[in-house]
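Trainee: Structure supplied as start-v4.cif; contents: mmCIF, C-alpha atoms.
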data_coords
loop_
_atom_site.group_PDB
_atom_site.id
_atom_site.type_symbol
_atom_site.label_atom_id
_atom_site.label_comp_id
_atom_site.auth_asym_id
_atom_site.auth_seq_id
_atom_site.Cartn_x
_atom_site.Cartn_y
_atom_site.Cartn_z
ATOM 1 C CA MET A 2 16.746 56.025 -12.214
ATOM 2 C CA ARG A 3 14.124 53.321 -12.177
ATOM 3 C CA LYS A 4 12.826 52.012 -8.892
ATOM 4 C CA LEU A 5 11.770 48.444 -8.142
ATOM 5 C CA SER A 6 8.176 48.184 -7.004
ATOM 6 C CA ARG A 7 8.013 46.838 -3.489
ATOM 7 C CA GLY A 8 5.280 44.529 -4.758
ATOM 8 C CA LEU A 9 7.975 42.450 -6.451
ATOM 9 C CA MET A 10 9.851 41.991 -3.244
ATOM 10 C CA VAL A 11 7.532 39.783 -1.247
ATOM 11 C CA VAL A 12 5.032 37.428 -2.843
ATOM 12 C CA ALA A 13 1.533 36.813 -1.609
ATOM 13 C CA ALA A 14 1.074 34.169 1.064
ATOM 14 C CA LEU A 15 4.599 34.627 2.371
ATOM 15 C CA GLY A 16 3.283 34.336 5.894
ATOM 16 C CA VAL A 17 2.356 30.700 5.272
ATOM 17 C CA LEU A 18 6.046 29.883 5.355
ATOM 18 C CA LEU A 19 7.613 32.621 7.390
ATOM 19 C CA GLY A 20 5.115 33.570 10.024
ATOM 20 C CA GLY A 21 5.155 37.273 10.765
ATOM 21 C CA GLY A 22 4.764 40.174 13.063
ATOM 22 C CA ALA A 23 8.185 40.023 14.721
ATOM 23 C CA TRP A 24 9.394 43.073 12.808
ATOM 24 C CA ALA A 25 6.652 45.249 14.301
ATOM 25 C CA ASP A 26 8.102 45.056 17.799
ATOM 26 C CA ARG A 27 11.217 47.201 17.739
ATOM 27 C CA ARG A 28 12.529 45.543 20.874
ATOM 28 C CA HIS A 29 13.325 42.507 18.739
ATOM 29 C CA PHE A 30 16.061 44.489 16.973
ATOM 30 C CA SER A 31 18.425 44.665 19.924
ATOM 31 C CA SER A 32 20.538 42.032 18.117
ATOM 32 C CA PRO A 33 23.268 43.417 15.836
ATOM 33 C CA HIS A 34 22.130 41.079 13.061
ATOM 34 C CA VAL A 35 18.961 40.611 11.050
ATOM 35 C CA VAL A 36 18.071 38.358 8.119
ATOM 36 C CA VAL A 37 16.070 38.999 4.970
ATOM 37 C CA ARG A 38 12.666 37.363 5.353
ATOM 38 C CA GLY A 39 11.228 37.681 1.850
ATOM 39 C CA THR A 40 12.251 37.205 -1.753
ATOM 40 C CA VAL A 41 14.266 40.389 -2.250
ATOM 41 C CA THR A 42 14.514 43.630 -0.306
ATOM 42 C CA GLY A 43 15.721 47.025 -1.416
ATOM 43 C CA VAL A 44 18.584 48.775 0.351
ATOM 44 C CA TYR A 45 18.106 52.532 0.154
ATOM 45 C CA ALA A 46 20.328 55.583 0.398
ATOM 46 C CA ALA A 47 18.078 57.192 3.038
ATOM 47 C CA PRO A 48 15.488 55.976 5.580
ATOM 48 C CA GLU A 49 12.421 57.024 3.602
ATOM 49 C CA GLU A 50 10.060 55.831 0.899
ATOM 50 C CA GLY A 51 11.158 57.050 -2.518
ATOM 51 C CA ALA A 52 14.860 57.198 -1.670
ATOM 52 C CA GLU A 53 17.352 55.875 -4.213
ATOM 53 C CA MET A 54 17.728 52.091 -4.103
ATOM 54 C CA VAL A 55 21.467 51.397 -4.064
ATOM 55 C CA THR A 56 21.394 47.596 -4.017
ATOM 56 C CA GLN A 57 19.268 44.626 -2.956
ATOM 57 C CA VAL A 58 19.503 41.728 -0.518
ATOM 58 C CA ILE A 59 17.892 38.323 -0.941
ATOM 59 C CA THR A 60 16.281 35.571 1.134
ATOM 60 C CA GLY A 61 18.238 34.606 4.229
ATOM 61 C CA GLU A 62 21.128 37.038 3.849
ATOM 62 C CA LYS A 63 22.435 38.216 7.204
ATOM 63 C CA LEU A 64 22.788 41.973 7.654
ATOM 64 C CA VAL A 65 24.706 43.875 10.328
ATOM 65 C CA VAL A 66 22.596 46.578 11.990
ATOM 66 C CA ARG A 67 24.356 49.906 12.483
ATOM 67 C CA LYS A 68 21.529 52.108 13.737
ATOM 68 C CA ARG A 69 17.769 52.609 13.622
ATOM 69 C CA SER A 70 15.547 55.473 12.523
ATOM 70 C CA GLY A 71 11.856 54.861 13.106
ATOM 71 C CA ASN A 72 10.826 51.829 11.055
ATOM 72 C CA TRP A 73 14.122 51.800 9.155
ATOM 73 C CA LEU A 74 17.406 50.103 9.969
ATOM 74 C CA GLN A 75 20.786 51.147 8.653
ATOM 75 C CA VAL A 76 22.596 47.931 7.771
ATOM 76 C CA GLU A 77 25.818 46.663 6.256
ATOM 77 C CA VAL A 78 25.048 44.116 3.545
ATOM 78 C CA PRO A 79 27.136 41.233 2.158
ATOM 79 C CA ASP A 80 28.098 43.066 -1.045
ATOM 80 C CA GLY A 81 29.782 45.798 1.031
ATOM 81 C CA TYR A 82 27.148 48.531 0.858
ATOM 82 C CA THR A 83 25.747 50.317 3.859
ATOM 83 C CA GLY A 84 22.172 51.509 3.439
ATOM 84 C CA TRP A 85 18.673 51.465 4.858
ATOM 85 C CA VAL A 86 16.107 48.644 4.876
ATOM 86 C CA CYS A 87 12.507 48.790 6.010
ATOM 87 C CA ALA A 88 11.964 46.802 9.199
ATOM 88 C CA ARG A 89 8.957 44.993 7.752
ATOM 89 C CA ASP A 90 11.223 43.256 5.232
ATOM 90 C CA ILE A 91 13.573 41.587 7.708
ATOM 91 C CA LEU A 92 13.587 39.405 10.812
ATOM 92 C CA PRO A 93 15.798 39.563 13.893
ATOM 93 C CA TYR A 94 18.555 36.975 13.809
ATOM 94 C CA ARG A 95 18.576 34.668 16.793
ATOM 95 C CA HIS A 96 21.514 32.311 17.171
ATOM 96 C CA GLY A 97 20.523 28.835 16.055
ATOM 97 C CA LYS A 98 17.439 30.065 14.183
ATOM 98 C CA GLY A 99 19.041 31.315 10.986
ATOM 99 C CA PRO A 100 18.447 29.483 7.691
ATOM 100 C CA LEU A 101 21.910 27.887 7.827
ATOM 101 C CA ASP A 102 22.050 27.213 11.576
ATOM 102 C CA GLY A 103 21.825 23.625 12.806
ATOM 103 C CA VAL A 104 22.331 22.012 9.385
ATOM 104 C CA THR A 105 25.386 20.530 7.720
ATOM 105 C CA HIS A 106 24.427 21.284 4.130
ATOM 106 C CA LYS A 107 22.708 24.070 2.246
ATOM 107 C CA VAL A 108 20.983 24.529 -1.088
ATOM 108 C CA LEU A 109 22.391 27.296 -3.284
ATOM 109 C CA VAL A 110 19.618 28.502 -5.577
ATOM 110 C CA THR A 111 20.890 28.460 -9.182
ATOM 111 C CA ALA A 112 17.613 29.087 -11.016
ATOM 112 C CA PRO A 113 16.934 32.749 -11.790
ATOM 113 C CA VAL A 114 13.666 32.543 -9.806
ATOM 114 C CA ALA A 115 12.179 29.453 -8.139
ATOM 115 C CA GLY A 116 9.035 28.740 -6.170
ATOM 116 C CA VAL A 117 9.052 27.375 -2.640
ATOM 117 C CA ALA A 118 6.047 25.244 -1.650
ATOM 118 C CA ALA A 119 4.560 24.500 1.741
ATOM 119 C CA GLY A 120 4.728 20.778 0.893
ATOM 120 C CA ALA A 121 6.542 18.658 -1.676
ATOM 121 C CA GLY A 122 4.736 18.956 -4.985
ATOM 122 C CA GLY A 123 2.413 21.664 -3.740
ATOM 123 C CA PRO A 124 1.839 25.134 -5.177
ATOM 124 C CA ALA A 125 4.462 27.796 -4.612
ATOM 125 C CA VAL A 126 3.763 30.209 -1.790
ATOM 126 C CA MET A 127 7.065 32.095 -2.008
ATOM 127 C CA GLN A 128 9.786 32.842 -4.514
ATOM 128 C CA VAL A 129 13.537 32.691 -4.034
ATOM 129 C CA THR A 130 16.129 34.005 -6.449
ATOM 130 C CA MET A 131 19.539 32.973 -7.720
ATOM 131 C CA GLY A 132 22.222 33.168 -5.035
ATOM 132 C CA SER A 133 19.962 32.522 -2.044
ATOM 133 C CA GLU A 134 21.307 29.943 0.421
ATOM 134 C CA LEU A 135 18.787 27.794 2.300
ATOM 135 C CA GLY A 136 19.494 25.140 4.902
ATOM 136 C CA LEU A 137 18.956 21.555 3.729
ATOM 137 C CA LEU A 138 16.561 19.676 6.024
ATOM 138 C CA GLY A 139 15.748 16.677 3.862
ATOM 139 C CA VAL A 140 15.559 15.247 0.363
ATOM 140 C CA GLY A 141 12.468 13.924 -1.403
ATOM 141 C CA LYS A 142 11.914 12.655 -4.926
ATOM 142 C CA GLY A 143 12.783 15.692 -6.995
ATOM 143 C CA TRP A 144 12.515 18.050 -4.000
ATOM 144 C CA TYR A 145 14.650 19.532 -1.260
ATOM 145 C CA GLN A 146 13.145 20.348 2.110
ATOM 146 C CA VAL A 147 14.741 23.663 3.003
ATOM 147 C CA LYS A 148 15.081 25.872 6.049
ATOM 148 C CA LEU A 149 13.978 29.471 5.560
ATOM 149 C CA PRO A 150 14.094 32.535 7.802
ATOM 150 C CA GLY A 151 11.411 31.719 10.346
ATOM 151 C CA GLY A 152 10.108 28.566 8.685
ATOM 152 C CA GLN A 153 10.642 25.847 6.109
ATOM 153 C CA GLY A 154 9.397 24.743 2.711
ATOM 154 C CA TRP A 155 10.101 22.597 -0.348
ATOM 155 C CA LEU A 156 12.201 23.586 -3.345
ATOM 156 C CA GLY A 157 12.461 21.700 -6.627
ATOM 157 C CA ALA A 158 15.786 19.873 -6.876
ATOM 158 C CA ASP A 159 16.424 21.329 -10.321
ATOM 159 C CA ALA A 160 16.430 24.849 -8.847
ATOM 160 C CA GLY A 161 19.585 24.516 -6.769
ATOM 161 C CA ARG A 162 22.681 22.594 -5.831
ATOM 162 C CA VAL A 163 23.688 21.104 -2.486
ATOM 163 C CA LEU A 164 26.885 22.316 -0.815
ATOM 164 C CA PRO A 165 28.346 21.962 2.673
ATOM 165 C CA VAL A 166 27.503 24.860 4.952
ATOM 166 C CA GLY A 167 30.472 27.204 4.965
ATOM 167 C CA ALA A 168 31.589 26.222 1.475
ATOM 168 C CA GLY A 169 31.197 28.432 -1.537
ATOM 169 C CA PRO A 170 30.274 27.114 -4.954
ATOM 170 C CA PRO A 171 33.114 25.568 -6.953
ATOM 171 C CA ARG A 172 34.758 27.935 -9.389
ATOM 172 C CA GLY A 173 32.882 27.804 -12.665
ATOM 173 C CA THR A 174 34.383 27.420 -16.105
ATOM 174 C CA ARG A 175 33.962 29.979 -18.855
ATOM 175 C CA ALA A 176 31.160 27.840 -20.259
ATOM 176 C CA ASP A 177 29.459 27.786 -16.837
ATOM 177 C CA ILE A 178 29.575 31.586 -16.624
ATOM 178 C CA LEU A 179 28.062 31.986 -20.091
ATOM 179 C CA ALA A 180 25.318 29.455 -19.331
ATOM 180 C CA THR A 181 24.426 31.299 -16.116
ATOM 181 C CA ALA A 182 24.498 34.705 -17.808
ATOM 182 C CA GLN A 183 22.127 33.632 -20.575
ATOM 183 C CA LYS A 184 19.522 32.555 -18.014
ATOM 184 C CA PHE A 185 18.967 36.298 -17.441
ATOM 185 C CA LEU A 186 18.121 37.208 -21.038
ATOM 186 C CA GLY A 187 15.020 39.381 -21.066
ATOM 187 C CA VAL A 188 15.170 40.306 -17.365
ATOM 188 C CA PRO A 189 14.126 43.969 -16.948
ATOM 189 C CA TYR A 190 16.586 46.631 -15.892
ATOM 190 C CA VAL A 191 16.198 48.046 -12.381
ATOM 191 C CA TRP A 192 18.666 50.524 -10.889
ATOM 192 C CA GLY A 193 20.263 48.815 -7.872
ATOM 193 C CA GLY A 194 18.768 45.429 -8.789
ATOM 194 C CA THR A 195 20.614 42.164 -8.208
ATOM 195 C CA THR A 196 18.027 39.510 -9.159
ATOM 196 C CA ALA A 197 16.065 38.125 -12.086
ATOM 197 C CA LEU A 198 13.086 40.221 -10.928
ATOM 198 C CA GLY A 199 15.055 43.279 -12.059
ATOM 199 C CA ILE A 200 18.794 43.888 -12.329
ATOM 200 C CA ASP A 201 21.387 46.525 -13.196
ATOM 201 C CA CYS A 202 24.619 46.038 -15.115
ATOM 202 C CA SER A 203 26.975 45.411 -12.203
ATOM 203 C CA GLY A 204 24.313 43.527 -10.245
ATOM 204 C CA PHE A 205 24.142 41.182 -13.238
ATOM 205 C CA THR A 206 27.891 40.493 -13.340
ATOM 206 C CA TYR A 207 28.030 40.288 -9.537
ATOM 207 C CA ARG A 208 25.287 37.638 -9.386
ATOM 208 C CA VAL A 209 26.489 35.553 -12.347
ATOM 209 C CA TYR A 210 30.005 35.385 -10.967
ATOM 210 C CA GLN A 211 28.797 34.770 -7.392
ATOM 211 C CA VAL A 212 27.046 31.490 -8.212
ATOM 212 C CA ASN A 213 30.132 30.444 -10.138
ATOM 213 C CA GLY A 214 32.417 30.858 -7.139
ATOM 214 C CA ILE A 215 33.961 34.241 -7.978
ATOM 215 C CA LYS A 216 33.357 37.133 -5.582
ATOM 216 C CA LEU A 217 33.120 40.533 -7.252
ATOM 217 C CA LEU A 218 32.617 43.940 -5.716
ATOM 218 C CA ARG A 219 29.209 45.456 -6.325
ATOM 219 C CA ASP A 220 29.773 48.363 -8.748
ATOM 220 C CA ALA A 221 31.242 48.502 -12.257
ATOM 221 C CA ASP A 222 34.058 50.888 -11.318
ATOM 222 C CA GLN A 223 34.964 48.702 -8.336
ATOM 223 C CA GLN A 224 34.996 45.568 -10.491
ATOM 224 C CA PHE A 225 37.213 47.309 -13.064
ATOM 225 C CA ALA A 226 39.761 48.257 -10.374
ATOM 226 C CA MET A 227 39.827 45.030 -8.326
ATOM 227 C CA PRO A 228 43.403 43.796 -7.739
ATOM 228 C CA GLU A 229 42.395 40.317 -8.920
ATOM 229 C CA ALA A 230 41.262 41.692 -12.293
ATOM 230 C CA ARG A 231 43.777 41.092 -15.091
ATOM 231 C CA ALA A 232 43.671 43.553 -17.956
ATOM 232 C CA VAL A 233 43.385 41.651 -21.251
ATOM 233 C CA ASP A 234 43.632 43.042 -24.775
ATOM 234 C CA ASP A 235 41.664 40.208 -26.337
ATOM 235 C CA PRO A 236 38.868 39.031 -24.015
ATOM 236 C CA LEU A 237 37.820 35.422 -23.891
ATOM 237 C CA PRO A 238 34.262 34.223 -23.268
ATOM 238 C CA GLY A 239 33.299 34.918 -19.654
ATOM 239 C CA ASP A 240 35.605 37.925 -19.204
ATOM 240 C CA LEU A 241 34.138 41.291 -18.210
ATOM 241 C CA VAL A 242 34.010 44.190 -20.674
ATOM 242 C CA PHE A 243 33.756 47.784 -19.440
ATOM 243 C CA PHE A 244 32.454 51.045 -20.854
ATOM 244 C CA SER A 245 32.524 54.735 -19.983
ATOM 245 C CA GLY A 246 29.592 57.134 -19.860
ATOM 246 C CA ARG A 247 28.569 59.762 -17.367
ATOM 247 C CA GLU A 248 31.256 58.284 -15.103
ATOM 248 C CA PRO A 249 34.764 57.134 -16.129
ATOM 249 C CA VAL A 250 33.631 53.512 -15.599
ATOM 250 C CA SER A 251 29.852 53.335 -15.825
ATOM 251 C CA HIS A 252 28.869 50.057 -17.490
ATOM 252 C CA VAL A 253 29.917 46.399 -17.546
ATOM 253 C CA GLY A 254 28.947 43.246 -19.389
ATOM 254 C CA ILE A 255 30.143 39.679 -19.974
ATOM 255 C CA TYR A 256 31.943 38.807 -23.198
ATOM 256 C CA LEU A 257 30.352 35.941 -25.121
ATOM 257 C CA GLY A 258 32.880 35.553 -27.914
ATOM 258 C CA GLU A 259 32.912 36.505 -31.612
ATOM 259 C CA GLY A 260 32.513 40.179 -30.774
ATOM 260 C CA GLU A 261 29.328 39.813 -28.692
ATOM 261 C CA PHE A 262 28.633 40.571 -25.048
ATOM 262 C CA ILE A 263 25.637 40.175 -22.725
ATOM 263 C CA HIS A 264 24.676 42.947 -20.333
ATOM 264 C CA ALA A 265 21.858 44.678 -18.464
ATOM 265 C CA SER A 266 20.995 47.680 -20.629
ATOM 266 C CA SER A 267 19.212 50.545 -18.894
ATOM 267 C CA GLY A 268 16.808 50.821 -21.803
ATOM 268 C CA ARG A 269 16.203 47.183 -22.750
ATOM 269 C CA GLY A 270 17.067 44.897 -19.838
ATOM 270 C CA VAL A 271 19.438 41.964 -20.285
ATOM 271 C CA VAL A 272 20.332 41.735 -23.965
ATOM 272 C CA ILE A 273 23.186 40.793 -26.299
ATOM 273 C CA ASN A 274 25.078 43.435 -28.277
ATOM 274 C CA ARG A 275 28.233 43.660 -30.356
ATOM 275 C CA LEU A 276 31.383 45.442 -29.229
ATOM 276 C CA ASP A 277 31.693 46.996 -32.701
ATOM 277 C CA ASP A 278 28.268 48.628 -32.453
ATOM 278 C CA PRO A 279 29.187 52.344 -32.764
ATOM 279 C CA TYR A 280 27.590 53.238 -29.425
ATOM 280 C CA TYR A 281 29.606 50.646 -27.492
ATOM 281 C CA ARG A 282 32.758 50.891 -29.629
ATOM 282 C CA ASP A 283 33.078 54.601 -28.805
ATOM 283 C CA ARG A 284 32.689 53.955 -25.065
ATOM 284 C CA TYR A 285 34.712 50.776 -24.721
ATOM 285 C CA LEU A 286 37.374 50.927 -21.995
ATOM 286 C CA GLY A 287 38.768 47.403 -22.074
ATOM 287 C CA ALA A 288 38.368 43.950 -20.579
ATOM 288 C CA ARG A 289 39.247 42.365 -17.261
ATOM 289 C CA SER A 290 39.602 38.662 -16.550
ATOM 290 C CA PHE A 291 39.004 36.923 -13.214
ATOM 291 C CA ILE A 292 39.157 33.453 -14.756
ATOM 292 C CA THR A 293 42.312 31.426 -14.381
ATOM 293 C CA SER A 294 41.623 28.712 -16.940
#
Mind turning the file's structure into structure tokens?
Mentor:
Amino acid sequence: MRKLSRGLMVVAALGVLLGGGAWADRRHFSSPHVVVRGTVTGVYAAPEEGAEMVTQVITGEKLVVRKRSGNWLQVEVPDGYTGWVCARDILPYRHGKGPLDGVTHKVLVTAPVAGVAAGAGGPAVMQVTMGSELGLLGVGKGWYQVKLPGGQGWLGADAGRVLPVGAGPPRGTRADILATAQKFLGVPYVWGGTTALGIDCSGFTYRVYQVNGIKLLRDADQQFAMPEARAVDDPLPGDLVFFSGREPVSHVGIYLGEGEFIHASSGRGVVINRLDDPYYRDRYLGARSFITS
């Protein structure tokens, strides 16, 4: 299993936007909720450095705290996992202070990775990744002023779309799903990863579908068995294709059409392969469709 370097998780100069230090005082974690302060944070199987990373959470996501062990918090995350996060990577949630509190609209980040600047047109001091939701504070020429956990900044308008707070993205078409998926080509594989800084196979399908208004469960076997998933003999572009391996359902990708699919390969990152490649043909389990049109 490959681990994601913590250096990828928070960029330099993050404190310019977010402030800091609140995590160090454990008294601040009396609230049952915390929010992710940085770009992306690992969620681990145990409260210790070097533990298996089971998934990731991204800027502004609200986590439910279950218990604490030293500088680690056991949390429930939006994709359904329960695991451990390091306290330095999150902030206590205070009602009214969250990135979506006190605003009527939000910006859903649709770029794989985008920079957030301290001022419109300025240099990036933080990164955000696809799927992050930031409160909309204002609009400038080609820029959105956005609310972040503990601060604010400016995001290029081409990096996201504006939606009402409380609304999910509209359901994407098959073409939308393929366009989103191909933005990840070349992204490295990271076990437990869910972002364009490093991603695994089910994290890839989860994130692509999320920004296109379709909520998947986190793991390949869960996605295969979801009640909403329709088994299809002949997949159409945008449908999910599944494979066996060390587990009965161990791999998933997105069908592109004409026998090709895009997926996060453990050896090569996000790439395109053919279903009739002997390796994948021998492990192919079938396709599932979540798309109604």
Trainee: Can you pull out the residues contacting A:Thr196? Cut-off 8 Å, using only C-alpha atoms, and skip same-chain residues under 3 positions away; I want them as a PyMOL selection string.
Mentor: chain A and resi 41+113+130-131+199-200+204-205+208
Trainee: Okay, now the selection with C-alpha atoms, as a tab-separated table (two decimals), keeping the file's coordinate frame?
Mentor:
chain	number	residue	atom	x	y	z
A	41	VAL	CA	14.27	40.39	-2.25
A	113	PRO	CA	16.93	32.75	-11.79
A	130	THR	CA	16.13	34.01	-6.45
A	131	MET	CA	19.54	32.97	-7.72
A	199	GLY	CA	15.06	43.28	-12.06
A	200	ILE	CA	18.79	43.89	-12.33
A	204	GLY	CA	24.31	43.53	-10.24
A	205	PHE	CA	24.14	41.18	-13.24
A	208	ARG	CA	25.29	37.64	-9.39
Trainee: Counting all atoms listed in the file, find the residues whose atoms lie at most 9 Å from (34.6, 34.4, -13.8) (file coordinates) and write them out as an mmCIF file with C-alpha atoms, in the coordinates of the input.
Mentor:
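Here's the written file point.cif:
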data_model
loop_
_atom_site.group_PDB
_atom_site.id
_atom_site.type_symbol
_atom_site.label_atom_id
_atom_site.label_comp_id
_atom_site.auth_asym_id
_atom_site.auth_seq_id
_atom_site.Cartn_x
_atom_site.Cartn_y
_atom_site.Cartn_z
ATOM 1 C CA ARG A 172 34.758 27.935 -9.389
ATOM 2 C CA GLY A 173 32.882 27.804 -12.665
ATOM 3 C CA THR A 174 34.383 27.420 -16.105
ATOM 4 C CA ARG A 175 33.962 29.979 -18.855
ATOM 5 C CA ASP A 177 29.459 27.786 -16.837
ATOM 6 C CA ILE A 178 29.575 31.586 -16.624
ATOM 7 C CA VAL A 209 26.489 35.553 -12.347
ATOM 8 C CA TYR A 210 30.005 35.385 -10.967
ATOM 9 C CA GLN A 211 28.797 34.770 -7.392
ATOM 10 C CA ASN A 213 30.132 30.444 -10.138
ATOM 11 C CA GLY A 214 32.417 30.858 -7.139
ATOM 12 C CA ILE A 215 33.961 34.241 -7.978
ATOM 13 C CA LYS A 216 33.357 37.133 -5.582
ATOM 14 C CA GLY A 239 33.299 34.918 -19.654
ATOM 15 C CA ASP A 240 35.605 37.925 -19.204
ATOM 16 C CA LEU A 241 34.138 41.291 -18.210
ATOM 17 C CA SER A 290 39.602 38.662 -16.550
ATOM 18 C CA PHE A 291 39.004 36.923 -13.214
ATOM 19 C CA ILE A 292 39.157 33.453 -14.756
ATOM 20 C CA THR A 293 42.312 31.426 -14.381
#
Trainee: Taking the file as shown, what set of residues would the PyMOL selection byres ((chain A and resi 103) around 12) give back, as a PyMOL selection string?
Mentor: chain A and resi 96-102+104-107+135-138+148+166
Trainee: If I take atom CA of A:Arg162 and atom CA of A:Val44, how far is one from the other in Å, to one decimal?
Mentor: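 Computing it gives 27.2 Å between the two atoms.
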Trainee: By how many Å are atom CA of A:Asp80 and atom CA of A:Gly268 apart?
Mentor: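 These two atoms are separated by 24.9 Å.
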Trainee: Applying 10 Å and all atoms listed in the file, which residues near A:Gly258 remain after dropping the ones on its own chain fewer than 5 positions away? List them as a PyMOL selection string.
Mentor: chain A and resi 179+236-240+275
Trainee: Distance cut-off 10 Å, centre (6.4, 19.0, -0.8) in file coordinates, counting only C-alpha atoms: which residues qualify? Return them as a PyMOL selection string.
Mentor: chain A and resi 117-125+140-146+154-157
Trainee: Rounded to one decimal, what separation in Å do you get between atom CA of A:Ala112 and atom CA of A:Ala160?
Mentor: 4.9 Å
Trainee: Take every atom of stretch 267-271 of chain A listed in the file, pad by 8 Å on each side, and give me the axis-aligned box centre and edge lengths in Å, one decimal, as lines of an AutoDock Vina configuration file.
Mentor:
center_x = 17.8
center_y = 46.4
center_z = -20.8
size_x = 19.2
size_y = 24.9
size_z = 19.9
Trainee: My list of candidates is A:Asp235, A:Asp90, A:Asp201, A:Glu134. Which is closest to A:Arg289 when distances are computed with all atoms listed in the file?
Mentor: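 Of A:Asp235, A:Asp90, A:Asp201, A:Glu134, the one nearest A:Arg289 is A:Asp235, counting all atoms listed in the file.
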Trainee: Run the PyMOL selection byres ((chain A and resi 74) around 7) against the file shown and list the residues it catches, as a list in words.
Mentor: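 Given this file, the PyMOL selection byres ((chain A and resi 74) around 7) evaluates to Val66, Lys68, Arg69, Ser70, Asn72, Trp73, Gln75, Val76, Trp85, Val86, Cys87 and Ala88 of chain A.
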Trainee: Given the choices A:Ala47, A:Val212, A:Leu149, A:Ile273, which gets closest to A:Leu92 if the distance is worked out from only C-alpha atoms?
Mentor: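 Closest to A:Leu92, using only C-alpha atoms: A:Leu149.
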Trainee: May I have the residues within 12 Å of A:Gly287 as a ChimeraX atom specification, using only C-alpha atoms and disregarding those fewer than 5 positions away in the same chain?
Mentor: /A:225-226,230-236,240-245,250,252-256,276,281-282
Trainee: To verify the selection step, state as a list in words which residues the PyMOL selection byres ((chain A and resi 35) around 6) yields on this input.
Mentor: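 Applying the PyMOL selection byres ((chain A and resi 35) around 6) to the structure shown produces His34, Val36, Lys63, Leu64, Leu92, Pro93 and Tyr94 of chain A.
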Trainee: Can you write out the residues you just picked, keeping C-alpha atoms, as a compact mmCIF listing (two decimals), keeping the file's coordinate frame?
Mentor:
# COMPACT_ATOMS: atom_id res chain seq x y z
CA HIS A 34 22.13 41.08 13.06
CA VAL A 36 18.07 38.36 8.12
CA LYS A 63 22.44 38.22 7.20
CA LEU A 64 22.79 41.97 7.65
CA LEU A 92 13.59 39.40 10.81
CA PRO A 93 15.80 39.56 13.89
CA TYR A 94 18.56 36.98 13.81
Trainee: Tell me which of A:Gln224, A:Thr206, A:Thr40, A:Thr83 sits closest to A:Phe262, counting only C-alpha atoms.
Mentor: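 Using only C-alpha atoms, the shortest distance to A:Phe262 belongs to A:Thr206.
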Trainee: Name the closest residue to A:Pro171 among the candidates A:Ile263, A:Leu109, A:Leu198, A:Gly187; distances are taken between atoms, counting only C-alpha atoms.
Mentor: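 Among the listed residues, A:Leu109 lies closest to A:Pro171.
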Trainee: So, with all atoms listed in the file as the atoms that count, which of A:Gly71, A:Gly139, A:Gly132, A:Pro150 lies closest to A:Arg95?
Mentor: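 Closest residue, counting all atoms listed in the file: A:Pro150.
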